[in-house]
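One structure is given below, encoded as structure tokens.
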Number of protein chains: 4
Amino acid sequence: MTDEHKIIRDSIHGDIKVEGIFLDLLATPELQRLYNVKQLGLAHLVFPGAHHTRLEHSLGTYHMALRSAELLGLDRNETEIVTCAALLHDIGHGPFSHTLEALLRDSLDVDHVELTEKLIFGEYKIFDDREKEFISFQSVHEILKKNSIDEKKIANIIKGEKKDKPFLSQLLDSAIDVDQLDYLIRDAYYTGVAYGMIDIERFLQTLVIHSDNLVVKRKGVGVVENILMARALMYSSIYFHKTVRIAELMLSKAIELIPDAEPFDFFKMTDSELVNDLKRRGVFQQKIATCLKYRKLYKQAYAADHSNLNEQQRDIVKKLDNSKFRKRKEQEFEDTLNILPGHIIIDVPYKELHQSEPRIDQTDIMILDEYKIKKLDEFTPIASAIRSRPIPDWMIMIVTDEKHRTTVADKAEKILFN
Amino acid sequence: MTDEHKIIRDSIHGDIKVEGIFLDLLATPELQRLYNVKQLGLAHLVFPGAHHTRLEHSLGTYHMALRSAELLGLDRNETEIVTCAALLHDIGHGPFSHTLEALLRDSLDVDHVELTEKLIFGEYKIFDDREKEFISFQSVHEILKKNSIDEKKIANIIKGEKKDKPFLSQLLDSAIDVDQLDYLIRDAYYTGVAYGMIDIERFLQTLVIHSDNLVVKRKGVGVVENILMARALMYSSIYFHKTVRIAELMLSKAIELIPDAEPFDFFKMTDSELVNDLKRRGVFQQKIATCLKYRKLYKQAYAADHSNLNEQQRDIVKKLDNSKFRKRKEQEFEDTLNILPGHIIIDVPYKELHQSEPRIDQTDIMILDEYKIKKLDEFTPIASAIRSRPIPDWMIMIVTDEKHRTTVADKAEKILFN
Amino acid sequence: MTDEHKIIRDSIHGDIKVEGIFLDLLATPELQRLYNVKQLGLAHLVFPGAHHTRLEHSLGTYHMALRSAELLGLDRNETEIVTCAALLHDIGHGPFSHTLEALLRDSLDVDHVELTEKLIFGEYKIFDDREKEFISFQSVHEILKKNSIDEKKIANIIKGEKKDKPFLSQLLDSAIDVDQLDYLIRDAYYTGVAYGMIDIERFLQTLVIHSDNLVVKRKGVGVVENILMARALMYSSIYFHKTVRIAELMLSKAIELIPDAEPFDFFKMTDSELVNDLKRRGVFQQKIATCLKYRKLYKQAYAADHSNLNEQQRDIVKKLDNSKFRKRKEQEFEDTLNILPGHIIIDVPYKELHQSEPRIDQTDIMILDEYKIKKLDEFTPIASAIRSRPIPDWMIMIVTDEKHRTTVADKAEKILFN
Amino acid sequence: MTDEHKIIRDSIHGDIKVEGIFLDLLATPELQRLYNVKQLGLAHLVFPGAHHTRLEHSLGTYHMALRSAELLGLDRNETEIVTCAALLHDIGHGPFSHTLEALLRDSLDVDHVELTEKLIFGEYKIFDDREKEFISFQSVHEILKKNSIDEKKIANIIKGEKKDKPFLSQLLDSAIDVDQLDYLIRDAYYTGVAYGMIDIERFLQTLVIHSDNLVVKRKGVGVVENILMARALMYSSIYFHKTVRIAELMLSKAIELIPDAEPFDFFKMTDSELVNDLKRRGVFQQKIATCLKYRKLYKQAYAADHSNLNEQQRDIVKKLDNSKFRKRKEQEFEDTLNILPGHIIIDVPYKELHQSEPRIDQTDIMILDEYKIKKLDEFTPIASAIRSRPIPDWMIMIVTDEKHRTTVADKAEKILFN
């Protein structure tokens, strides 16, 4: 363990002090790679400032976990475990963060949390062999081992397991946690969309541990309402912004159509490695890489929300959650309208929304009201309203390139619901 | 010309409205490429938020030029010319912005301003042939032609030519101009270093045109002092931060040592294309690419500022401005200490500082004091102090990889000044 | 009308330009008096930064009305009327703004809107005779007359009358209007409570006039949700903060107990004149003035919210809305517990909440969705949740001075609900 | 000592936690009175947001002293002493802060620092007898005594005595100290003038104690330059803004002309008590009170700076520093031009500038450069430039009411320099 410390200037939290084992962890290839993975995938094509990376967010989450641990009076060991987990919680993210998750989950049945776990346990490597020739590094796994830090505990916190000391994993993964707080504020800052601007300090001051659970004091109900609303608005405005979504669907499709892709190869790439890899693949992949580079995006040809669809149609939309059925429908469009493969994408966002962020409509925050634990719903109708609030504007959307837009628009309902 | 408009959310200026010809220009490959060119080169390795791009800065400069034109009451034509120039002024920037400029200037005797001019006149192309197969675009040159906009005038403003209506080029390129104002604030925002936070509106309100020159009213002296100081501090803290500089020297060296590089090929690359290109080159280039990816940087082995050097030594440092002499010295280090090529870099930053930003110590702002034009120096001693204030901490620095650091440190003075 | 203009630096909106007739209006005693009337009454006793005044808010509302008029493309005359109304809308406020409103409404059956109207029509004067000896001023009424501006129209907008061109009064007085937007942001800024931080520009960009009504485009639903939530949270956290409320009840009680007070005399006072006037009144008034000066506040002896009360008790609380019945109850406490007059105050805030801000649970915003007007409720469940969300924590509260606190606490329920 | 703590929301520093003895001190009449003393005198007549008070500033200074003590690793006792001093350092301020200081110094030969000392030692009282009847309080002196805190040490720190542990008084009173940092940022926030926006955290991180002195590490030179510049600009733009100065001169003159005023009576008043007191005095005082209430200010009839005056004239200006001579000159104007007493005010600001803020051109900051203490001037020419930078625009100014303006302007030079 090195002896020094480092002050890193963060746009959100100001000076972040990193020392001891955290300095070693920060230097690992697993974390350094995150300098090259954008937090918001392709959102910069709509919000030009959104180039911030998972590295910053990891540092910010670490910082907030440390601050919370101080305020809650956690002991040395608890603090070390929860701050390690905070710093490492995103190392398993593939390039462009959530963009490719649905695809990889589909083909690999694995997600970024599991990959993070594998990295912590040393079952998977970031470095490729070529890179090893040039520089040597300690991996996260090696550093944890050397410092006798319990990897299992860290993995459990990251996975959100609530045994033992539930407050530790609740700090990082629950209805409101420091992970979400950091990304909401950070994304607000870099997109210029003010919704995510939350009074963190006020929130942290209202946290308290009660029977080993992290709960919020009654006077914190207002700031909790504020955070839930902020999260909902950030999802509608940024994460499920229509144009951002279209760009991400294009990139996903390019990868999906690589003939014999080995999905694991993609996980450890950086954003730019992935894009450059596409250029060495087939024509369709090269085309998409060029389109994304110059922001020549597919267009929405058809969209419908709940109120536009009858019950039978909604059933079909529901079935489209199944990726095989969805691909068949896409092919039906291509065949019927004589369109080349990859140029029709059907999007049914709801399932994915919940997979990529299962916390999105969680509002099950425990409120401590004079020694009694109550539900948030007892204090405000906002929590329940948030749960039933729609996030994307569409239940289904079909996108295609500009020249097929009108044709697809004309035939969409017919082909979809025939 | 399209008819619609677009509102782009900028982290600095809020909503930026883009319409008409500017919407067409924004869609060109020349501008879209800037989405992929970081404003601050490799500064994100020290300031993790500094991933912002030339695209944002170009939009911001456009926005400020438009706002100034309104406040100054420019006519339709003047406004069009100066806002076009503002939007386009950086399209000639190579990957990582200023990082490679010294190198390219050395080998090509061309800089980003001239390249911008070539692009405007259609003498140079951004697209490669492969890309043309996939998508079609209008170039900046074609759009200007089609709209009968005088390319010559635009190029002149960007080059800072002060004939005809000097206030137009002064708005974009003078001791204080909207280009600098935008980047100071933007860089402050993304690095979290507050120095660059300037009260733009206050400055713009004090601008006035007097005998065709852009001058500042007397009540603007304070805000001018503030801007000059902010600029000086941003240069010391960020642009010439030691570690940022080291990373940039490494990248430069990797390109310099490509055996028969065609420098023009590099200009039109994006950041990620350049880095991926390195991986296909020689071993040294691959090594540097890996080092930069994982932030394994060279270290400072020797540094001296003005006060540490005697007159004779300063003369030698001055001679090192000449790149041939500098390379010979580097080789002398390598030969004497048995170090592989590329692992010793001698940095003499002052010449480059002035080439990359000739405005850095300009303080020749004209002040309008009750109908008479006076010099800024008549009102404040700050302007003169700024001119004589040192920017980098070092006049000369030698960097090398970790394992050679001590050896180089020991022999540095001897080899340098023998 | 003077010819010049004035730039006033506002902490919220930056530079506010005031010119022509608005410069004249700003110089009137009616507006200048507002420099001495705190926007948030006695809130500074809890939020030490909350010393901002009605003058700033009036200027800010004027500025936002002007900006909206530009964005909506109102004509010269409409713009003049609506910006005049915005600048003048609060001139009828008594000292400490809303603090004394309930009292004055009770005794005078007049509120600040009606008083504003009287001032506009010249039926009431701000100056006292003594002041007239020293300086001469034009009144608001005189300036409007001289410039042939229709006072009736201005008064109608301020009163929220929706005849003729409803969009004009909707801009200043509707579910969401520039008056509210300015005070939410301003109060957030000066209290340091971030809830009120709203993206004004985004909101204004979504406003549009449709069949003479001010409506919000569909893409504005998110920002509307944000504003409604912000308003609700500001009310809970600041305007109905328990301690702020207690201080305001104390001041109200001091005035109420002045034997033969002439309420109209109080309206035109400034904050400091009112406090100094108290010192020349009876012993109780002097005591309260001293208590407020040194922040020696009454304490809460009893409080209950909806869930703590049975139906019969709620009926009694409802009856306490009637000020005569409430005073009788207060006297019953005093008699039973042997407490001096004025030392028991019963607070039932809900009626007053709605009188002082009838817009608090308004969410009837019209949304324009592709040429059709719909209700906000069709797009989000948040609006309805806001309407049913409780604002103060208590339905009833009894406050008294420190030494009677325990006694009152013990007997409260018995005396209240006997 | 009470047991609880209190979280106070500050617009600048966020949550400020106050506990133990500090909670008791905060409740004293000496500190509570500061709720009613504006930090910037009459500056709100130009910057409408500038209503913030000495109380906030005292809390903020306390907060920064505590934060510094943590970062510097001061022991419990040192921390208690320096934070007490920080909280109490301004309790001796008269109404409107610095506004009346010159006058009171002239007639009483006492300033706010000495008065603070008297209050700490219990030699002077804030309460008047009437107030004591209503409420009882512990004084600052009593609390310090009861808690055995060394009053002498606290007074010494506030007076800036540098014996014993100089770093303690340097933290609160030196070329750059937490008192100045707090007021610069706070005043910037409330006026909306951005110059004072300083990166406090960065500054505090560079402080270190070296041989019992507070010094700045070399890497802090930039932030020091930034602070010095910010301070200079805040003085020019706000504290010596011409119109602010005129209002303050008017108030001073009104007090000066009270026939047999007992200056000590004024010190303990609040702002509003002073203004109301004026209304009970002579006609001139009543007039000024009315003028200030409605912002009917005197105008500048004559002004000259260094470059406008010849040597002989400068000598006379220098002599005007003497208040007796200045009053004679004022009377000469009145007699010659037939103007009533009090309607001519001659302002020679420089002496007062240095009396009210002796730190204004101090730049004697010690820099720690690798174990050696050096002067700031060795690193930057900015420090020296700041020292020679003029602050007010005028060396002499004559103000009078509107109707005498032209007459006075015509005769000014003749009467002044005859």
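By convention here, the chains of the structure tokens are called A, B, ... in the order presented, each chain's residues are numbered starting at 1, and ligands are numbered starting at 1 in the order presented.
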
Contacts of A:Leu249 within 10 Å, only C-alpha atoms, excl. fewer than 2 positions in-chain, as a compact mmCIF listing (two decimals) with N, CA and C atoms, in the first residue's frame:
```txt
# COMPACT_ATOMS: atom_id res chain seq x y z
N THR A 99 -25.74 1.03 -22.79
CA THR A 99 -26.20 0.91 -24.17
C THR A 99 -26.35 -0.53 -24.65
N LEU A 100 -25.36 -1.34 -24.36
CA LEU A 100 -25.37 -2.69 -24.92
C LEU A 100 -25.87 -3.75 -23.94
N LEU A 103 -28.61 -6.28 -24.99
CA LEU A 103 -28.06 -7.22 -25.97
C LEU A 103 -27.21 -8.29 -25.28
N THR A 243 -34.09 10.58 -29.13
CA THR A 243 -32.95 10.55 -30.06
C THR A 243 -31.76 9.80 -29.47
N VAL A 244 -31.54 9.96 -28.17
CA VAL A 244 -30.49 9.18 -27.52
C VAL A 244 -30.77 7.69 -27.70
N ARG A 245 -32.02 7.35 -27.47
CA ARG A 245 -32.44 5.96 -27.59
C ARG A 245 -32.18 5.42 -29.00
N ILE A 246 -32.50 6.22 -29.99
CA ILE A 246 -32.31 5.76 -31.38
C ILE A 246 -30.84 5.47 -31.65
N ALA A 247 -29.95 6.37 -31.21
CA ALA A 247 -28.52 6.15 -31.44
C ALA A 247 -28.07 4.86 -30.76
N LEU A 251 -26.40 1.30 -32.42
CA LEU A 251 -25.15 0.66 -32.02
C LEU A 251 -25.40 -0.80 -31.61
N SER A 252 -26.46 -1.02 -30.88
CA SER A 252 -26.81 -2.38 -30.46
C SER A 252 -27.03 -3.29 -31.66
N LYS A 253 -27.74 -2.75 -32.61
CA LYS A 253 -28.06 -3.56 -33.79
C LYS A 253 -26.78 -3.93 -34.54
N ALA A 254 -25.84 -3.00 -34.62
CA ALA A 254 -24.58 -3.28 -35.31
C ALA A 254 -23.86 -4.44 -34.66
N TYR A 298 -30.93 7.21 -37.50
CA TYR A 298 -32.24 6.72 -37.93
C TYR A 298 -33.33 7.65 -37.39
N ILE A 345 -35.55 -1.21 -36.68
CA ILE A 345 -35.38 -1.59 -35.27
C ILE A 345 -36.69 -1.33 -34.52
N ILE A 346 -37.15 -2.38 -33.86
CA ILE A 346 -38.36 -2.23 -33.04
C ILE A 346 -37.93 -2.06 -31.58
N ASP A 347 -38.45 -1.02 -30.97
CA ASP A 347 -38.07 -0.74 -29.58
C ASP A 347 -39.26 -0.87 -28.66
N VAL A 399 -37.90 2.43 -35.63
CA VAL A 399 -36.99 3.41 -36.23
C VAL A 399 -36.33 2.80 -37.45
```

Residues of chain D no more than 8 Å from chain C, counting only C-alpha atoms: send them over as a PyMOL selection string.
chain D and resi 8-12+14+27-29+32-33+35-36+46-53+55-56+131+134-135+189-193+272-273+276+287+290-291+293-296

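For the set C:Glu378, C:Thr206, C:Phe264, C:Asp393, the residue with the smallest atom-to-atom gap to C:Asp109 is C:Phe264, counting only C-alpha atoms.
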
Report as an MDAnalysis selection string all protein, DNA and RNA residues lying within 9 Å of stretch 408-412 of chain D, evaluated on only C-alpha atoms, omitting residues in the same chain fewer than 4 positions from it.
chainID D and resid 300:302 333 337 344 398:400 404 416:417

Between atom CA of A:Gly282 and atom CA of A:Glu334, measure the distance and give it in Å to one decimal.
18.7 Å

Among stretch 162-213 of chain A, which residues does DSSP mark as strand (DSSP E) when it is run on the backbone? Keep the chain and numbering as in the structure and answer as number ranges by chain.
A: 207-210, 213

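Using only C-alpha atoms, the residues found no farther than 8 Å from A:Phe203, other than those of its own chain fewer than 2 positions away, are Asp199, Ile200, Glu201, Gln205, Thr206, Leu207, Gly220, Val223 and Val224 of chain A.
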
Please list as a short mmCIF file (atom, residue, chain, number, x, y, z; two decimals) with N, CA, C and O atoms, in the first residue's frame every residue within 7 Å of D:Gly92, counting only C-alpha atoms and excluding residues in the same chain fewer than 5 positions away.
```
data_model
loop_
_atom_site.label_atom_id
_atom_site.label_comp_id
_atom_site.auth_asym_id
_atom_site.auth_seq_id
_atom_site.Cartn_x
_atom_site.Cartn_y
_atom_site.Cartn_z
N HIS D 112 -14.76 49.66 15.94
CA HIS D 112 -15.57 48.49 16.26
C HIS D 112 -14.74 47.37 16.89
O HIS D 112 -15.26 46.55 17.63
N VAL D 113 -13.45 47.35 16.62
CA VAL D 113 -12.62 46.32 17.23
C VAL D 113 -12.51 46.56 18.74
O VAL D 113 -12.64 45.64 19.56
N LEU D 115 -14.62 48.21 20.56
CA LEU D 115 -15.93 47.99 21.16
C LEU D 115 -16.19 46.50 21.35
O LEU D 115 -16.77 46.07 22.35
N THR D 116 -15.75 45.73 20.38
CA THR D 116 -15.85 44.26 20.51
C THR D 116 -15.10 43.81 21.76
O THR D 116 -15.61 43.00 22.55
#
```
